[in-house]
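Beneath this line is the structure, given in structure tokens, with notes to follow.
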Amino acid sequence: MDFLRPAGWEEALAAKAEHPTAVPIAGGTDVMVEINFDHRRPEYLLDLTRVAELAEWEATDRTIRLGAGVPYTRIIEELRTELPGLALAAHTVGSPQIRNRGTVGGNLGAASPAGDAHPALLAAGAEVEAASVRGTRRIPVEEFFTGVKRHALEPDELIRAVHIQKADGPQQFSKVGTRNAMVIAVCAFAVALHPRTRTVRTGIGSAAPTPVRAHEAEEFLGAALEEGGFWDSGAPLDPSTARRFAELCAGACRPIDDVRGSAAYRRHAVRVMARRTLGWTWEAYREGDGRTAQCA
């Protein structure tokens with residue numbers, strides 16, 4: 001196994017173009033596990049830890065450009081206001097040591113259906129910035145996942161950053177595991193209210209071959225909030241609306257039975273998480289978190 005260690009971004013792109021099978025490594029929290037258990041034996045490892053720009057983030061008026069190498073700990077400490085859903089998801093990743101090393105870019109590169117960052121990215125409305133020596137493109141995150149541990153990157157492309165809409169309303173994340181910490185999700189759910197556009201977005205993890213959005217549930221709830229005047233009034237939601245939203249979220253799942261949980265349990269858990277997180281986000285909206293964003 002050869003070890004490639006570029007000193008900068010252009011050098012990294014050139015190395016990836018020359019060696020398309022090279023596996024990028026930054027935090028190494030997924031790649032090294034696979035190597036140690038002999039699940040993967042790449043010909044080349046492409047170490048990106050010396051590419052300083054990947055470990056930086058920057059803000060515009062309405063988005064955060066998150067470098068692919070920014071660790072979870074910094075998201076929790078520095079971006080909990082701008083990206084609350086992702087910060088909540090980051091809290092559930094592994095141990096403090098793993099959160100210090102692991103990155104959203106690495107999570108995306110692994111493309112696991114159970115990736116903790118993925119539901120929050122789907123709910124927030126993110127785009128993956130992919131680059132190669134041929135140029136740069138942005139991929140909507142819902143189009144990034146193409147199958148179990150497969151993604152839309154071309155062989156010569158690297159993830160440079162993730163562009164994420166700043167929260168303009170409350171966001172929530174919930175995860176079910178076989179224990180309380182350092183666990184792969186049995187299933188996970190994220191929801192974000194977007195008062196500026198009067199829309200709702202969701203993200204579901206570990207309950208389908210890829211992370212998915214519950215589009216029908218989003219459309220149902222968006223219509224219910226608009227037609228009932230809830231965005232303006234902030235009135236309590238009818239319990240039947242929350243139940244229907246939860247049912248539609250469960251219906252978006254395509255889970256399997258495995259050692260961590262049955263398909264039936266996953267559907268049930270997503271239903272419960274959807275109802276609960278909707279309750280939390282709507283209560284936060286009623287209390288004023290996001291109510292003023294409509295005119296921002």
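Letters A, B, ... go to the chains of the structure tokens in the order shown; residues in each chain start at 1; ligands are counted from 1 in the same order.
Residues within 10 Å of A:Trp57, counting only C-alpha atoms and excluding same-chain residues fewer than 6 positions away, are Ile64, Arg65, Leu66, Gly67, Ala68, Gly69, Val70, Arg74, Ile75, Glu78, Leu79, Ala161, Val162 and His163 of chain A.
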Please produce a file of those selected residues containing C-alpha atoms, as a JSON list (two decimals), in the first residue's frame.
[["chain", "number", "residue", "atom", "x", "y", "z"],
["A", 64, "ILE", "CA", -22.09, 27.91, 5.57],
["A", 65, "ARG", "CA", -19.32, 26.51, 3.40],
["A", 66, "LEU", "CA", -17.98, 23.70, 5.58],
["A", 67, "GLY", "CA", -14.56, 22.38, 4.59],
["A", 68, "ALA", "CA", -14.50, 18.61, 4.16],
["A", 69, "GLY", "CA", -11.91, 18.28, 6.93],
["A", 70, "VAL", "CA", -13.66, 20.27, 9.67],
["A", 74, "ARG", "CA", -15.68, 22.23, 15.87],
["A", 75, "ILE", "CA", -19.18, 21.98, 14.39],
["A", 78, "GLU", "CA", -18.57, 26.88, 16.53],
["A", 79, "LEU", "CA", -21.69, 26.24, 14.43],
["A", 161, "ALA", "CA", -16.63, 21.26, 1.05],
["A", 162, "VAL", "CA", -20.30, 21.06, 1.92],
["A", 163, "HIS", "CA", -22.57, 24.07, 1.40]]
**Request:** Give the helix (DSSP H, G or I) residues of stretch 161-266 of chain A, as DSSP finds them on the backbone, and put them as a PyMOL selection string.
**Result:** chain A and resi 215-227+230-233+239-251+263-266
**Prompt:** Which parts of stretch 14-259 of chain A does DSSP call strand (DSSP E) when run on the backbone here, written out as a VMD selection string?
**Reply:** chain A and resid 23 to 25 44 to 47 57 to 59 63 to 67 126 to 132 135 to 140 145 to 147 150 to 151 158 to 165 171 to 176 187 to 194 199 to 205
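Summary of the local environment: counting only C-alpha atoms, residues at most 9 Å from A:Gly234, other than itself and those fewer than 6 positions away along its chain, are Trp282, Glu283, Tyr285, Arg286, Glu287, Gly288 and Arg291 of chain A.
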**Message:** Can you tell me which residues surround A:Ala252 at a distance of at most 8 Å, considering only C-alpha atoms, apart from same-chain residues fewer than 6 positions away, and format the answer as a ChimeraX atom specification?
**Reply:** /A:212-216
The selected residues should be written to file as a CSV table (one decimal), in the first residue's frame (atoms: all heavy atoms).
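Heads up, here's the output in out38.csv:
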chain,number,residue,atom,x,y,z
A,212,VAL,N,-32.5,9.0,3.1
A,212,VAL,CA,-33.6,9.5,2.2
A,212,VAL,C,-34.3,10.6,2.9
A,212,VAL,O,-34.3,10.8,4.1
A,212,VAL,CB,-34.6,8.4,1.9
A,212,VAL,CG1,-33.9,7.3,1.1
A,212,VAL,CG2,-35.2,7.8,3.2
A,213,ARG,N,-35.1,11.4,2.1
A,213,ARG,CA,-36.0,12.3,2.6
A,213,ARG,C,-37.4,11.7,2.5
A,213,ARG,O,-37.7,10.9,1.6
A,213,ARG,CB,-36.0,13.6,1.8
A,213,ARG,CG,-34.8,14.5,2.0
A,213,ARG,CD,-34.7,15.6,1.0
A,213,ARG,NE,-35.9,16.5,1.1
A,213,ARG,CZ,-36.2,17.4,0.2
A,213,ARG,NH1,-35.3,17.6,-0.9
A,213,ARG,NH2,-37.3,18.2,0.3
A,214,ALA,N,-38.3,12.2,3.4
A,214,ALA,CA,-39.7,11.7,3.3
A,214,ALA,C,-40.5,12.8,2.6
A,214,ALA,O,-41.2,13.7,3.2
A,214,ALA,CB,-40.3,11.5,4.7
A,215,HIS,N,-40.4,12.8,1.3
A,215,HIS,CA,-41.0,13.9,0.4
A,215,HIS,C,-42.5,14.0,0.7
A,215,HIS,O,-43.0,15.1,0.8
A,215,HIS,CB,-40.7,13.6,-1.0
A,215,HIS,CG,-39.3,13.8,-1.4
A,215,HIS,ND1,-38.7,15.0,-1.6
A,215,HIS,CD2,-38.3,12.9,-1.6
A,215,HIS,CE1,-37.4,14.9,-1.9
A,215,HIS,NE2,-37.2,13.6,-1.9
A,216,GLU,N,-43.2,12.9,0.7
A,216,GLU,CA,-44.7,13.0,0.9
A,216,GLU,C,-45.0,13.6,2.2
A,216,GLU,O,-46.0,14.4,2.3
A,216,GLU,CB,-45.3,11.6,0.7
A,216,GLU,CG,-46.8,11.6,0.6
A,216,GLU,CD,-47.4,10.3,0.4
A,216,GLU,OE1,-46.7,9.3,0.1
A,216,GLU,OE2,-48.7,10.2,0.4
Closest pair table for stretch 158-226 of chain A residues within 12 Å of stretch 256-276 of chain A, only C-alpha atoms, as CSV:
residue,atom,partner,partner_atom,distance
A:Gln172,CA,A:Arg276,CA,9.6
A:Phe173,CA,A:Met273,CA,8.7
A:Ser174,CA,A:Met273,CA,6.4
A:Lys175,CA,A:Met273,CA,8.0
A:Val176,CA,A:Ala269,CA,7.5
A:Gly177,CA,A:Arg260,CA,8.0
A:Thr178,CA,A:Arg260,CA,6.9
A:Arg179,CA,A:Arg260,CA,10.5
A:Val183,CA,A:Arg260,CA,10.1
A:Ile184,CA,A:Arg260,CA,8.6
A:Ala185,CA,A:Arg260,CA,8.4
A:Val186,CA,A:Arg260,CA,5.9
A:Cys187,CA,A:Arg266,CA,6.1
A:Ala188,CA,A:Val270,CA,7.1
A:Phe189,CA,A:Met273,CA,6.5
A:Ala190,CA,A:Ala274,CA,7.8
A:Val191,CA,A:Ala274,CA,7.7
A:Ala192,CA,A:Ala274,CA,11.2
A:Arg201,CA,A:Ala274,CA,11.6
A:Thr202,CA,A:Ala274,CA,8.9
A:Gly203,CA,A:Ala274,CA,9.9
A:Ile204,CA,A:Val270,CA,7.8
A:Gly205,CA,A:Val270,CA,9.3
A:Ser206,CA,A:Arg266,CA,8.3
A:Ala207,CA,A:Arg266,CA,6.4
A:Ala208,CA,A:Ile256,CA,7.5
A:Pro209,CA,A:Ile256,CA,8.7
A:Thr210,CA,A:Ile256,CA,11.8
A:Arg213,CA,A:Ala274,CA,11.9
A:Ala214,CA,A:Ala274,CA,10.2
A:Ala217,CA,A:Ala274,CA,9.8
A:Glu218,CA,A:Ala274,CA,11.2
A:Leu221,CA,A:Arg275,CA,11.7
**Message:** Neighbouring residues of A:Pro236 were defined as those with any atom within 12 Å, considering only C-alpha atoms; residues of the same chain fewer than 3 positions away were excluded. Please report them as a list in words.
**Reply:** Leu225, Gly228, Gly229, Phe230, Trp231, Asp232, Ser233, Pro239, Ser240, Thr241, Ala242, Leu278, Gly279, Trp280, Thr281, Trp282, Glu283, Ala284, Tyr285, Arg286 and Glu287 of chain A
Residues of the last selection are to be written out with N, CA and C atoms, as a PDB file, in the first residue's frame.
ATOM      1  N   LEU A 225     -49.525  23.349   7.260  1.00  0.00           N
ATOM      2  CA  LEU A 225     -49.108  24.583   7.939  1.00  0.00           C
ATOM      3  C   LEU A 225     -49.564  25.821   7.174  1.00  0.00           C
ATOM      4  N   GLY A 228     -53.602  26.033   7.078  1.00  0.00           N
ATOM      5  CA  GLY A 228     -54.169  26.317   8.398  1.00  0.00           C
ATOM      6  C   GLY A 228     -53.697  27.628   8.988  1.00  0.00           C
ATOM      7  N   GLY A 229     -52.825  28.347   8.274  1.00  0.00           N
ATOM      8  CA  GLY A 229     -52.327  29.626   8.783  1.00  0.00           C
ATOM      9  C   GLY A 229     -51.376  29.486   9.955  1.00  0.00           C
ATOM     10  N   PHE A 230     -50.779  28.302  10.123  1.00  0.00           N
ATOM     11  CA  PHE A 230     -49.942  28.057  11.298  1.00  0.00           C
ATOM     12  C   PHE A 230     -48.634  28.848  11.278  1.00  0.00           C
ATOM     13  N   TRP A 231     -48.072  29.069  10.075  1.00  0.00           N
ATOM     14  CA  TRP A 231     -46.825  29.844  10.018  1.00  0.00           C
ATOM     15  C   TRP A 231     -47.010  31.220  10.634  1.00  0.00           C
ATOM     16  N   ASP A 232     -48.167  31.814  10.411  1.00  0.00           N
ATOM     17  CA  ASP A 232     -48.428  33.161  10.934  1.00  0.00           C
ATOM     18  C   ASP A 232     -48.926  33.134  12.367  1.00  0.00           C
ATOM     19  N   SER A 233     -49.791  32.187  12.694  1.00  0.00           N
ATOM     20  CA  SER A 233     -50.415  32.184  14.017  1.00  0.00           C
ATOM     21  C   SER A 233     -49.547  31.529  15.087  1.00  0.00           C
ATOM     22  N   PRO A 239     -53.008  17.049  16.955  1.00  0.00           N
ATOM     23  CA  PRO A 239     -52.310  15.764  17.081  1.00  0.00           C
ATOM     24  C   PRO A 239     -52.473  14.868  15.859  1.00  0.00           C
ATOM     25  N   SER A 240     -53.592  14.962  15.173  1.00  0.00           N
ATOM     26  CA  SER A 240     -53.792  14.132  13.996  1.00  0.00           C
ATOM     27  C   SER A 240     -52.828  14.514  12.874  1.00  0.00           C
ATOM     28  N   THR A 241     -52.457  15.792  12.803  1.00  0.00           N
ATOM     29  CA  THR A 241     -51.485  16.236  11.806  1.00  0.00           C
ATOM     30  C   THR A 241     -50.120  15.633  12.095  1.00  0.00           C
ATOM     31  N   ALA A 242     -49.721  15.657  13.365  1.00  0.00           N
ATOM     32  CA  ALA A 242     -48.438  15.069  13.744  1.00  0.00           C
ATOM     33  C   ALA A 242     -48.429  13.563  13.486  1.00  0.00           C
ATOM     34  N   LEU A 278     -41.017  16.564  15.467  1.00  0.00           N
ATOM     35  CA  LEU A 278     -41.922  17.591  14.975  1.00  0.00           C
ATOM     36  C   LEU A 278     -42.487  18.385  16.149  1.00  0.00           C
ATOM     37  N   GLY A 279     -42.847  17.691  17.209  1.00  0.00           N
ATOM     38  CA  GLY A 279     -43.354  18.388  18.391  1.00  0.00           C
ATOM     39  C   GLY A 279     -42.333  19.355  18.963  1.00  0.00           C
ATOM     40  N   TRP A 280     -41.087  18.909  19.052  1.00  0.00           N
ATOM     41  CA  TRP A 280     -40.037  19.777  19.601  1.00  0.00           C
ATOM     42  C   TRP A 280     -39.781  20.986  18.700  1.00  0.00           C
ATOM     43  N   THR A 281     -39.696  20.747  17.403  1.00  0.00           N
ATOM     44  CA  THR A 281     -39.400  21.862  16.505  1.00  0.00           C
ATOM     45  C   THR A 281     -40.552  22.854  16.456  1.00  0.00           C
ATOM     46  N   TRP A 282     -41.787  22.338  16.444  1.00  0.00           N
ATOM     47  CA  TRP A 282     -42.912  23.273  16.372  1.00  0.00           C
ATOM     48  C   TRP A 282     -43.046  24.066  17.662  1.00  0.00           C
ATOM     49  N   GLU A 283     -42.777  23.450  18.793  1.00  0.00           N
ATOM     50  CA  GLU A 283     -42.824  24.185  20.058  1.00  0.00           C
ATOM     51  C   GLU A 283     -41.765  25.286  20.069  1.00  0.00           C
ATOM     52  N   ALA A 284     -40.573  24.973  19.554  1.00  0.00           N
ATOM     53  CA  ALA A 284     -39.533  25.996  19.460  1.00  0.00           C
ATOM     54  C   ALA A 284     -39.958  27.125  18.529  1.00  0.00           C
ATOM     55  N   TYR A 285     -40.625  26.775  17.418  1.00  0.00           N
ATOM     56  CA  TYR A 285     -41.122  27.802  16.493  1.00  0.00           C
ATOM     57  C   TYR A 285     -42.157  28.685  17.179  1.00  0.00           C
ATOM     58  N   ARG A 286     -43.060  28.085  17.920  1.00  0.00           N
ATOM     59  CA  ARG A 286     -44.098  28.845  18.612  1.00  0.00           C
ATOM     60  C   ARG A 286     -43.512  29.795  19.648  1.00  0.00           C
ATOM     61  N   GLU A 287     -42.378  29.399  20.228  1.00  0.00           N
ATOM     62  CA  GLU A 287     -41.734  30.233  21.234  1.00  0.00           C
ATOM     63  C   GLU A 287     -40.929  31.364  20.617  1.00  0.00           C
TER      64      GLU A 287
END
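Proximity of A:Ala117, A:Ala152, A:Ala126, A:Cys253 to A:Pro140, computed with only C-alpha atoms, is greatest for A:Ala126.
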**Message:** as a PyMOL selection string, please: the residues near A:Ala7 (cut-off 8 Å, only C-alpha atoms, same-chain neighbours under 5 positions excluded).
**Reply:** chain A and resi 12+50-51
Please produce a file of the residues just selected, as a JSON list (two decimals), in the first residue's frame, where the atoms kept are N, CA and C atoms.
[["chain", "number", "residue", "atom", "x", "y", "z"],
["A", 12, "ALA", "N", -3.25, 17.60, -4.29],
["A", 12, "ALA", "CA", -4.16, 16.50, -3.96],
["A", 12, "ALA", "C", -4.99, 16.11, -5.18],
["A", 50, "ARG", "N", -2.67, 17.51, 5.43],
["A", 50, "ARG", "CA", -1.83, 18.71, 5.25],
["A", 50, "ARG", "C", -2.51, 19.76, 4.38],
["A", 51, "VAL", "N", -3.69, 19.47, 3.85],
["A", 51, "VAL", "CA", -4.41, 20.44, 3.02],
["A", 51, "VAL", "C", -5.21, 21.34, 3.96]]
**Request:** Could you check which of A:Ala114, A:Leu4, A:Val200, A:Ala124 is closest to A:His19, using only C-alpha atoms?
**Result:** A:Leu4
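Atom CA of A:Val148 to atom CA of A:Thr63 spans 28.6 Å [interatomic distance, one decimal].
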**Request:** Give me the residues within 12 Å of A:Arg150 as a ChimeraX atom specification, counting only C-alpha atoms and dropping any in the same chain fewer than 2 places off.
**Result:** /A:107-113,143-148,152-155,209-211
